[in-house]
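A short write-up of the structure that comes next.
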Amino acid sequence: MVKDKEATPLSIEALRQGDRAEFARLVEQYDTYIYRLALRILGNPQDAEDVLQETFIKALKHLPSFDGRSSLSTWLYRIATNEALMLLRKEKGGVLSLDEPSPNDEEEQEPIQIVDWCCLPEEMLMNAETKKMLEQAIARLSPALRVVVVLRDLQGLSTRETSQILKISEEAVKTRLSRARLQLRQWLSEYFHQQYGLENLAP
Amino acid sequence: MSAPRPSCHEMLRSLSDYLDGELEAEICAAIESHLAECENCRIVVDTLRKTITLYHQYSEEDLELPADVRSRLFKRLHLEDFLNSPR
């Protein structure tokens, strides 16, 4: 979510014309958000830094032709997301399908966990170990689902913005978000079941 | 006319939209009618809602850009003169 940064709007005209001071303002306003996004998709600070740098290098190069059809933040997020996905693809040796989640992402694949962990005390739900588990669960998702949940639930973007960034329909965003959330719920349930010995009521 | 009550399986697909408040009132009513009588689905909804809340809470924790990362970024962009300029 991009907030508290809208006080002095950036001049798109100045940015297009290569005004360095204005570009520095753009970088300062968005660098933290871009870094967070990259870190959450990639899970690795060095990779996130590479994506951060590449994003603004590309932005600088393409600003003269920025057409303003999307907002600057959506445009930057799109560049950053593409850079992060390209890096993932490279690490996987070039095989990474972003069009369709793999069959493993289907929640129907495994029996649903019925563990009532939502009333656990807050200190059990948000301790360091659980946070680590939350991170690991995000990393276990396929890239197609991970990107959607990061944009929607971690960066706080709307369905519409997410669809513009990923160039997929709003329906596809919702479907993938639903799969991702159900999968995360499933893993969290398994974790709390094992961690605190809660009963699994699954038939 | 009210929507038919969904099966547990059909419920699963709608829960994410339901929790985002993106479903029509009629479908919400059908879901709630199912939830009133299905303990398992109620647990799934509650834990799904909590999962989303946990990730929101997690994302709100400060994840600031480390100063050295910002400094290398500005250097790479030849913007050193503007680093630490007053906002």
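For the structure tokens, the naming scheme is as follows: chains receive sequential letters (A, B, ...) according to their order of presentation, residues are indexed from 1 within each chain, and ligands are indexed from 1 in presentation order.
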Using only C-alpha atoms and a distance of at most 8 Å, pull out the residues of chain B that contact chain A, as an MDAnalysis selection string.
chainID B and resid 13:17 40 43:44 46:48 50:52 54:56 58:59 63:65 69:70 73 76:77 79 82
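Here CA of Leu37 in chain A and CA of Ser71 in chain B stand 18.7 Å from one another.
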